[in-house]
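final-v1.cif follows (mmCIF, C-alpha atoms (C1' of nucleotides)):
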```
data_model
loop_
_atom_site.label_atom_id
_atom_site.label_comp_id
_atom_site.auth_asym_id
_atom_site.auth_seq_id
_atom_site.Cartn_x
_atom_site.Cartn_y
_atom_site.Cartn_z
CA MET A 1 61.88 142.11 72.61
CA GLN A 2 58.97 141.70 75.02
CA LEU A 3 59.64 140.66 78.59
CA ALA A 4 57.86 137.29 78.32
CA GLU A 5 59.88 136.30 75.26
CA ALA A 6 63.16 137.51 76.75
CA LYS A 7 62.44 135.61 79.95
CA ALA A 8 61.77 132.37 78.08
CA LYS A 9 64.92 132.83 76.03
CA PHE A 10 67.08 133.57 79.04
CA ILE A 11 65.81 130.47 80.84
CA ALA A 12 66.45 128.28 77.81
CA ASP A 13 69.94 129.71 77.22
CA TRP A 14 71.04 129.64 80.83
CA GLY A 15 69.92 126.02 80.91
CA ARG A 16 71.97 125.24 77.84
CA PHE A 17 75.10 126.91 79.21
CA GLY A 18 74.66 125.31 82.61
CA THR A 19 75.17 121.85 81.14
CA ASN A 20 78.74 122.90 80.23
CA TRP A 21 79.40 123.62 83.85
CA GLY A 22 78.41 120.41 85.55
CA ILE A 23 74.99 121.79 86.40
CA ASN A 24 72.08 119.96 84.85
CA ARG A 25 69.74 121.71 82.50
CA THR A 26 66.74 121.84 84.80
CA MET A 27 68.80 123.01 87.74
CA ALA A 28 70.18 125.85 85.63
CA GLN A 29 66.70 126.75 84.37
CA ILE A 30 65.32 126.96 87.88
CA HIS A 31 68.30 129.10 88.80
CA ALA A 32 67.62 131.38 85.81
CA LEU A 33 63.96 131.72 86.72
CA LEU A 34 64.76 132.65 90.30
CA LEU A 35 67.48 135.07 89.20
CA ILE A 36 65.02 137.16 87.22
CA SER A 37 62.10 136.90 89.64
CA PRO A 38 61.72 139.99 91.80
CA ASP A 39 60.06 137.97 94.56
CA PRO A 40 60.61 134.50 95.95
CA LEU A 41 58.70 131.71 94.17
CA SER A 42 56.99 128.62 95.56
CA ALA A 43 57.57 125.12 94.25
CA ASP A 44 54.17 125.31 92.51
CA GLU A 45 55.11 128.48 90.68
CA VAL A 46 58.36 126.91 89.49
CA MET A 47 56.48 123.79 88.32
CA GLU A 48 54.01 125.96 86.45
CA GLU A 49 56.56 128.29 84.82
CA LEU A 50 58.90 125.55 83.64
CA SER A 51 56.33 122.78 83.09
CA ILE A 52 58.20 120.26 85.18
CA SER A 53 57.11 117.84 87.87
CA ARG A 54 57.03 118.43 91.58
CA GLY A 55 59.71 115.82 92.25
CA ASN A 56 62.01 117.40 89.73
CA VAL A 57 61.58 120.86 91.28
CA ASN A 58 62.23 119.48 94.72
CA MET A 59 65.37 117.62 93.72
CA ASN A 60 66.93 120.46 91.80
CA VAL A 61 66.02 123.17 94.27
CA ARG A 62 67.62 121.06 96.97
CA GLU A 63 70.78 120.84 94.92
CA LEU A 64 70.80 124.59 94.25
CA ILE A 65 70.55 125.12 97.98
CA ASP A 66 73.50 122.73 98.46
CA TRP A 67 75.49 124.81 96.02
CA GLY A 68 74.62 127.91 98.04
CA LEU A 69 72.95 129.57 95.06
CA VAL A 70 69.37 129.53 96.34
CA GLN A 71 67.78 130.05 99.74
CA LYS A 72 64.51 129.05 101.31
CA VAL A 73 62.43 132.01 102.33
CA ILE A 74 59.70 131.81 104.93
CA VAL A 75 56.87 134.17 104.13
CA PRO A 76 54.93 135.04 107.29
CA GLY A 77 51.38 133.77 107.18
CA GLU A 78 52.15 131.27 104.40
CA ARG A 79 52.44 127.56 104.88
CA LYS A 80 54.47 127.00 101.67
CA GLU A 81 58.18 127.37 101.31
CA PHE A 82 59.45 129.99 98.88
CA PHE A 83 62.77 130.14 97.10
CA THR A 84 64.99 132.97 96.03
CA ALA A 85 68.37 133.18 94.28
CA GLU A 86 71.37 135.34 95.12
CA LYS A 87 71.19 138.18 92.59
CA ASP A 88 74.74 139.53 92.86
CA ILE A 89 76.50 137.71 90.06
CA TRP A 90 79.97 138.18 91.56
CA LYS A 91 78.78 136.39 94.66
CA VAL A 92 77.27 133.68 92.48
CA ALA A 93 80.59 133.22 90.67
CA ARG A 94 82.46 133.13 93.96
CA GLN A 95 80.08 130.53 95.34
CA ILE A 96 80.47 128.34 92.24
CA VAL A 97 84.26 128.56 92.39
CA LYS A 98 84.14 127.64 96.06
CA GLU A 99 81.92 124.61 95.54
CA ARG A 100 83.82 123.34 92.53
CA LYS A 101 87.09 123.68 94.36
CA LYS A 102 85.63 121.65 97.20
CA ARG A 103 84.24 118.99 94.90
CA GLU A 104 87.20 118.72 92.55
CA LEU A 105 90.53 120.13 93.59
CA ASP A 106 90.24 119.16 97.25
CA LEU A 107 89.60 115.55 96.19
CA MET A 108 92.37 115.54 93.61
CA ILE A 109 95.23 116.73 95.80
CA PRO A 110 95.42 113.67 98.08
CA VAL A 111 95.13 111.36 95.07
CA LEU A 112 98.14 113.00 93.46
CA LYS A 113 100.12 112.79 96.66
CA GLU A 114 99.50 109.08 96.78
CA LEU A 115 100.60 108.66 93.17
CA SER A 116 103.76 110.65 93.60
CA ASP A 117 105.87 107.96 95.20
CA VAL A 118 106.21 105.01 92.85
CA GLU A 119 108.95 102.52 93.55
CA GLY A 120 111.47 101.95 90.81
CA ASP A 121 114.65 103.12 89.15
CA LYS A 122 114.58 106.83 88.34
CA ARG A 123 116.80 106.11 85.34
CA ASP A 124 114.00 104.05 83.85
CA LYS A 125 112.40 106.38 81.32
CA ALA A 126 108.88 105.14 82.07
CA VAL A 127 109.30 105.78 85.81
CA LYS A 128 110.87 109.16 85.23
CA THR A 129 108.14 110.38 82.88
CA PHE A 130 105.47 109.19 85.26
CA THR A 131 106.88 110.83 88.38
CA ASP A 132 107.74 114.03 86.53
CA THR A 133 104.23 114.32 85.16
CA ILE A 134 102.58 113.66 88.50
CA ASN A 135 104.87 116.12 90.24
CA ASN A 136 104.13 118.82 87.71
CA ILE A 137 100.43 118.29 88.13
CA ARG A 138 100.90 118.42 91.89
CA LYS A 139 102.77 121.71 91.78
CA PHE A 140 100.11 123.14 89.56
CA SER A 141 97.28 121.92 91.77
CA ASP A 142 98.88 123.16 94.96
CA GLN A 143 99.32 126.55 93.41
CA ALA A 144 95.75 126.61 92.13
CA ASP A 145 94.55 125.53 95.56
CA ARG A 146 96.26 128.41 97.31
CA THR A 147 95.20 130.94 94.70
CA LEU A 148 91.57 129.90 94.77
CA ASP A 149 91.51 129.98 98.57
CA THR A 150 92.77 133.52 98.49
CA MET A 151 90.23 134.53 95.89
CA ILE A 152 87.37 132.92 97.76
CA ARG A 153 88.34 134.53 101.01
CA ALA A 154 88.78 137.92 99.43
CA ASP A 155 86.15 140.59 99.52
CA GLU A 156 84.06 140.75 96.39
CA HIS A 157 85.31 144.05 95.12
CA TRP A 158 88.88 143.40 95.82
CA PHE A 159 88.73 139.91 94.38
CA LEU A 160 88.35 140.59 90.71
CA GLY A 161 88.99 144.30 91.03
CA SER A 162 92.69 143.79 91.69
CA LEU A 163 92.88 141.02 89.20
CA MET A 164 91.47 143.26 86.50
CA LYS A 165 93.89 146.04 87.29
CA LEU A 166 96.75 143.60 87.02
CA PHE A 167 95.61 142.32 83.69
CA GLY A 168 94.73 145.70 82.27
CA GLY A 169 90.97 145.23 82.20
CA LYS A 170 88.86 148.32 82.70
CA ARG A 171 86.44 148.52 85.64
CA ASP A 172 83.27 150.46 84.89
CA MET B 1 103.36 101.65 94.76
CA GLN B 2 104.55 99.87 91.64
CA LEU B 3 104.57 101.76 88.34
CA ALA B 4 101.92 99.59 86.69
CA GLU B 5 99.50 100.07 89.56
CA ALA B 6 100.16 103.79 89.78
CA LYS B 7 99.67 104.14 86.04
CA ALA B 8 96.31 102.36 86.14
CA LYS B 9 95.21 104.48 89.07
CA PHE B 10 96.25 107.73 87.43
CA ILE B 11 94.38 106.86 84.24
CA ALA B 12 91.23 105.96 86.17
CA ASP B 13 91.41 109.08 88.36
CA TRP B 14 92.18 111.50 85.55
CA GLY B 15 89.24 110.04 83.67
CA ARG B 16 86.99 110.59 86.66
CA PHE B 17 88.10 114.19 87.12
CA GLY B 18 87.90 114.94 83.41
CA THR B 19 84.15 114.40 83.40
CA ASN B 20 83.86 117.43 85.72
CA TRP B 21 85.57 119.53 83.10
CA GLY B 22 83.52 118.93 79.99
CA ILE B 23 85.91 116.23 78.80
CA ASN B 24 84.46 112.77 78.52
CA ARG B 25 85.87 109.92 80.52
CA THR B 26 87.54 108.06 77.67
CA MET B 27 88.99 111.24 76.25
CA ALA B 28 90.51 112.06 79.63
CA GLN B 29 91.86 108.52 80.00
CA ILE B 30 93.58 108.67 76.63
CA HIS B 31 95.00 112.03 77.62
CA ALA B 32 96.27 110.57 80.90
CA LEU B 33 97.88 107.64 79.11
CA LEU B 34 99.68 109.91 76.65
CA LEU B 35 100.76 112.28 79.43
CA ILE B 36 102.69 109.57 81.20
CA SER B 37 104.06 107.83 78.11
CA PRO B 38 107.66 108.76 77.37
CA ASP B 39 107.16 108.05 73.67
CA PRO B 40 104.30 108.63 71.25
CA LEU B 41 101.75 105.80 71.07
CA SER B 42 99.88 104.36 68.11
CA ALA B 43 96.13 103.87 67.98
CA ASP B 44 96.70 100.13 68.52
CA GLU B 45 98.71 100.72 71.65
CA VAL B 46 95.99 102.98 73.06
CA MET B 47 93.31 100.37 72.23
CA GLU B 48 95.34 97.70 73.93
CA GLU B 49 96.23 99.70 77.07
CA LEU B 50 92.72 100.99 77.72
CA SER B 51 90.73 98.06 76.27
CA ILE B 52 88.61 100.22 74.03
CA SER B 53 87.62 99.93 70.39
CA ARG B 54 89.41 101.39 67.41
CA GLY B 55 86.51 103.72 66.59
CA ASN B 56 86.45 105.04 70.12
CA VAL B 57 90.19 105.75 70.08
CA ASN B 58 89.91 107.50 66.76
CA MET B 59 87.02 109.71 67.81
CA ASN B 60 88.51 110.75 71.12
CA VAL B 61 92.02 111.29 69.81
CA ARG B 62 90.55 113.49 67.13
CA GLU B 63 88.78 115.53 69.78
CA LEU B 64 91.95 115.80 71.91
CA ILE B 65 93.71 117.13 68.81
CA ASP B 66 90.85 119.65 68.35
CA TRP B 67 91.38 120.79 71.91
CA GLY B 68 95.08 121.23 71.16
CA LEU B 69 96.11 118.79 73.87
CA VAL B 70 97.48 116.04 71.64
CA GLN B 71 99.49 116.00 68.43
CA LYS B 72 100.02 113.51 65.66
CA VAL B 73 103.60 112.44 65.32
CA ILE B 74 105.02 110.97 62.16
CA VAL B 75 107.69 108.41 62.92
CA PRO B 76 110.03 108.01 59.93
CA GLY B 77 109.83 104.56 58.43
CA GLU B 78 106.48 103.79 60.08
CA ARG B 79 103.19 103.68 58.26
CA LYS B 80 101.11 104.21 61.42
CA GLU B 81 100.27 107.51 63.03
CA PHE B 82 101.51 108.09 66.56
CA PHE B 83 100.13 110.43 69.18
CA THR B 84 101.73 112.44 71.93
CA ALA B 85 100.40 114.83 74.58
CA GLU B 86 101.74 118.22 75.66
CA LYS B 87 103.56 117.47 78.91
CA ASP B 88 103.84 121.00 80.32
CA ILE B 89 100.83 121.21 82.59
CA TRP B 90 100.69 125.02 82.54
CA LYS B 91 100.35 124.89 78.78
CA VAL B 92 97.67 122.24 79.12
CA ALA B 93 95.73 124.44 81.54
CA ARG B 94 96.11 127.44 79.26
CA GLN B 95 94.88 125.44 76.30
CA ILE B 96 91.85 124.19 78.21
CA VAL B 97 90.95 127.70 79.36
CA LYS B 98 91.31 128.92 75.79
CA GLU B 99 89.05 126.24 74.33
CA ARG B 100 86.40 126.56 76.98
CA LYS B 101 86.33 130.30 76.58
CA LYS B 102 85.82 129.81 72.84
CA ARG B 103 83.09 127.24 73.31
CA GLU B 104 81.22 128.92 76.15
CA LEU B 105 81.90 132.57 76.88
CA ASP B 106 82.24 133.63 73.25
CA LEU B 107 78.82 132.11 72.52
CA MET B 108 77.23 133.59 75.60
CA ILE B 109 78.17 137.23 75.11
CA PRO B 110 76.06 137.89 71.98
CA VAL B 111 73.09 136.09 73.56
CA LEU B 112 73.26 138.40 76.57
CA LYS B 113 73.51 141.45 74.36
CA GLU B 114 70.34 140.43 72.59
CA LEU B 115 68.53 139.91 75.90
CA SER B 116 69.59 143.24 77.31
CA ASP B 117 67.05 145.41 75.59
CA VAL B 118 63.55 144.38 76.56
CA GLU B 119 60.74 146.81 75.85
CA GLY B 120 58.65 147.91 78.79
CA ASP B 121 58.31 150.26 81.68
CA LYS B 122 61.44 150.40 83.85
CA ARG B 123 59.21 151.10 86.85
CA ASP B 124 57.67 147.68 86.43
CA LYS B 125 59.45 145.56 89.01
CA ALA B 126 59.55 142.50 86.72
CA VAL B 127 61.17 144.47 83.90
CA LYS B 128 63.63 146.13 86.23
CA THR B 129 64.75 142.90 87.86
CA PHE B 130 65.17 141.26 84.48
CA THR B 131 67.24 144.01 82.90
CA ASP B 132 69.32 144.50 86.03
CA THR B 133 70.13 140.81 86.20
CA ILE B 134 71.03 140.56 82.52
CA ASN B 135 73.17 143.69 82.72
CA ASN B 136 75.02 142.39 85.74
CA ILE B 137 75.73 139.13 83.98
CA ARG B 138 76.89 141.09 80.94
CA LYS B 139 79.32 143.21 82.93
CA PHE B 140 80.66 140.12 84.56
CA SER B 141 81.04 138.25 81.28
CA ASP B 142 82.71 141.15 79.51
CA GLN B 143 85.18 141.44 82.34
CA ALA B 144 85.85 137.71 82.34
CA ASP B 145 86.28 137.81 78.58
CA ARG B 146 88.95 140.49 78.74
CA THR B 147 90.72 138.88 81.66
CA LEU B 148 90.84 135.47 80.06
CA ASP B 149 92.10 136.92 76.79
CA THR B 150 94.93 138.57 78.65
CA MET B 151 95.77 135.40 80.49
CA ILE B 152 95.71 133.32 77.34
CA ARG B 153 97.90 135.75 75.46
CA ALA B 154 100.34 136.04 78.31
CA ASP B 155 103.58 134.16 78.46
CA GLU B 156 103.37 131.05 80.56
CA HIS B 157 105.63 132.18 83.34
CA TRP B 158 104.23 135.60 83.59
CA PHE B 159 100.67 134.36 83.45
CA LEU B 160 100.34 132.64 86.75
CA GLY B 161 103.60 133.94 88.11
CA SER B 162 102.25 137.46 88.50
CA LEU B 163 98.93 136.19 89.61
CA MET B 164 100.53 134.19 92.37
CA LYS B 165 102.58 137.11 93.56
CA LEU B 166 99.47 139.24 93.71
CA PHE B 167 97.59 136.69 95.72
CA GLY B 168 100.44 135.86 98.02
CA GLY B 169 101.06 132.38 96.70
CA LYS B 170 104.60 131.08 96.74
CA ARG B 171 106.35 130.09 93.50
CA ASP B 172 108.74 127.19 93.86
"C1'" DA C 1 96.90 99.23 38.89
"C1'" DT C 2 96.72 96.42 42.96
"C1'" DA C 3 96.60 95.11 47.46
"C1'" DA C 4 98.05 95.67 52.06
"C1'" DA C 5 98.12 98.76 55.93
"C1'" DC C 6 96.03 101.79 57.97
"C1'" DT C 7 92.12 105.49 59.31
"C1'" DT C 8 87.39 107.10 59.43
"C1'" DT C 9 82.48 106.71 59.63
"C1'" DC C 10 78.12 105.35 61.32
"C1'" DA C 11 74.08 102.63 62.66
"C1'" DA C 12 72.97 99.63 66.26
"C1'" DT C 13 73.25 99.06 71.01
"C1'" DA C 14 74.76 99.66 75.67
"C1'" DA C 15 75.45 102.63 79.57
"C1'" DC C 16 74.23 106.45 82.00
"C1'" DT C 17 71.34 110.45 83.45
"C1'" DT C 18 67.13 112.82 84.09
"C1'" DT C 19 62.23 113.07 84.76
"C1'" DT C 20 57.88 111.67 86.28
"C1'" DG C 21 54.14 110.80 89.39
"C1'" DA C 22 52.25 108.26 92.81
"C1'" DA C 23 53.08 106.89 97.52
"C1'" DA C 24 55.13 107.89 101.89
"C1'" DG C 25 56.46 111.27 105.12
"C1'" DT C 26 56.09 115.59 107.76
"C1'" DT C 27 54.12 119.60 109.86
"C1'" DC C 28 50.74 122.30 111.84
"C1'" DA C 29 46.07 124.40 112.87
"C1'" DG C 30 42.11 123.34 115.11
"C1'" DC D 1 44.69 113.50 118.09
"C1'" DT D 2 43.15 114.35 113.07
"C1'" DG D 3 43.31 115.67 108.55
"C1'" DA D 4 44.67 119.07 105.23
"C1'" DA D 5 48.59 121.21 103.23
"C1'" DC D 6 52.60 120.66 102.00
"C1'" DT D 7 57.48 118.22 101.06
"C1'" DT D 8 60.28 114.26 100.04
"C1'" DT D 9 61.39 109.83 98.12
"C1'" DC D 10 61.95 106.38 94.75
"C1'" DA D 11 61.21 103.01 91.09
"C1'" DA D 12 59.85 102.93 86.48
"C1'" DA D 13 60.07 105.37 81.96
"C1'" DA D 14 62.07 108.62 78.89
"C1'" DG D 15 65.87 110.86 77.16
"C1'" DT D 16 70.73 111.46 76.31
"C1'" DT D 17 75.44 110.22 75.46
"C1'" DA D 18 79.19 106.92 74.64
"C1'" DT D 19 80.84 102.66 72.58
"C1'" DT D 20 81.32 99.08 69.43
"C1'" DG D 21 82.60 96.81 65.25
"C1'" DA D 22 81.93 96.10 60.68
"C1'" DA D 23 81.98 98.52 56.32
"C1'" DA D 24 83.77 102.28 53.62
"C1'" DG D 25 87.49 105.20 52.62
"C1'" DT D 26 92.37 106.53 52.07
"C1'" DT D 27 97.22 106.15 51.46
"C1'" DT D 28 101.41 104.02 50.13
"C1'" DA D 29 104.67 100.50 48.30
"C1'" DT D 30 105.55 97.79 44.65
#
```
Once more with this new file: its structure as structure tokens, please.
Amino acid sequence: MQLAEAKAKFIADWGRFGTNWGINRTMAQIHALLLISPDPLSADEVMEELSISRGNVNMNVRELIDWGLVQKVIVPGERKEFFTAEKDIWKVARQIVKERKKRELDLMIPVLKELSDVEGDKRDKAVKTFTDTINNIRKFSDQADRTLDTMIRADEHWFLGSLMKLFGGKRD
Amino acid sequence: MQLAEAKAKFIADWGRFGTNWGINRTMAQIHALLLISPDPLSADEVMEELSISRGNVNMNVRELIDWGLVQKVIVPGERKEFFTAEKDIWKVARQIVKERKKRELDLMIPVLKELSDVEGDKRDKAVKTFTDTINNIRKFSDQADRTLDTMIRADEHWFLGSLMKLFGGKRD
DNA sequence: ATAAACTTTCAATAACTTTTGAAAGTTCAG
DNA sequence: CTGAACTTTCAAAAGTTATTGAAAGTTTAT
């Protein structure tokens, strides 16, 4: 395959997969474009390459920066802002896990705590099933919370390296 | 909090969180309702409890069954079908991981393979950055693939049990 | 074979999300 | 200060996804 074709395909595919991960299609496409660009790109270049509007580029780049996946780069002597993506995919994965934990698990835990003390007779089947279910979800979430914190804190190589050893995967 | 209030809140919250996980709101709400119901419910009961249409219940229950999170239950002497959800939250998590792997990672891996051999001079910076990026994503995906397979195959207790020990989490 | 009890489908429509582009805002060199 | 170069905002339009409900289909009891 030629580079231009492969590039277009990668951008389209990454965009498609992104939608499964709570990242909108355009945001994922911009991310893909920046991932495979050797040098930082300006908003105009992104507009041009993906045929999307200025407002759309601005909005989605801002969100990628929020997610910690893209950085602004100041090029000396240039007035424009340029953007570049973290190329190390392990760091990208770690960053995504970190953000999703923050946006999902950290919000869920207090909600579950609140739900865990319903008034009522424990011998009532409906009450018992409810509290048991909530408590199981709580235990699970607390565990996941601690595990993810450890993973996020851990050094990149250690992080999945140890995990792989444990599960019998082979490091290259 | 009273049971009825807690129930309503749990259903609303689970629905909200579900949307972050590729599960639509109604589907997650039905799942929540079945999780906290001591006995299997009929389509009519789900319609009634959640104030949604028959078609909507049917569609989403079917999808929950596809995901392996809900089962049909035949109650002897009853014409209707009843539905019940897996209550063990570790099994639920395992099932979700399994399905998402099937729907996402398994589709991604062949796409990456195809993209990994672009023609062109490796000394060309654009070609080099592209192939390096794709190859890094491939290594990562292959590793994730093997790890998830191992986790899915593993026995429930072992699965996160060992993981927790490794990462210093505390089992209850 | 019939009809009642139930389940499934699907086209219309409602709800939600994304995109655009023009206007407003900001920054900076001269 | 001024105006050119750039970035950001936001309301309207387009696009996407979910929901309804009535019609079609299926199963079961008699």
Selection under test: the PyMOL selection byres ((chain D and resi 15) around 8); residues as a PyMOL selection string: (chain C and resi 18) or (chain D and resi 14+16)
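Proximity of A:Lys91, A:Lys102, A:Lys7, A:Lys80 to chain B, computed with all atoms listed in the file, is greatest for A:Lys7.
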Env of B:Ala28: 12 Å cut, atoms = all atoms listed in the file, seq-sep filter 5 positions within chain, self excluded. Answer as an NGL selection string. :B and (10-23 or 33-35 or 50 or 57 or 60-61 or 63-64 or 67 or 69-70 or 85)
Just so the selection is clear, what residues does the PyMOL selection byres ((chain C and resi 9) around 8) cover here, as a PyMOL selection string? (chain C and resi 8+10) or (chain D and resi 24)
Counting all atoms listed in the file, a student should be able to say which residues of chain C come within 8 Å of chain A; what is the right answer, written as a ChimeraX atom specification? /C:19-21
The PyMOL selection byres ((chain B) within 6 of (chain A)) resolved against shown file, as a VMD selection string: chain B and resid 1 to 3 6 36 38 115 118 to 119 129 to 130
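Residues of chain D lying within 9 Å of chain B, counting all atoms listed in the file, are DA18, DT19, DT20, DG21 and DT28 of chain D.
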Please write the residues from the selection above to a file, keeping C-alpha atoms (C1' of nucleotides), as a JSON list (two decimals), in the coordinates of the input.
```json
[["chain", "number", "residue", "atom", "x", "y", "z"],
["D", 18, "DA", "C1'", 79.19, 106.92, 74.64],
["D", 19, "DT", "C1'", 80.84, 102.66, 72.58],
["D", 20, "DT", "C1'", 81.32, 99.08, 69.43],
["D", 21, "DG", "C1'", 82.60, 96.81, 65.25],
["D", 28, "DT", "C1'", 101.41, 104.02, 50.13]]
```
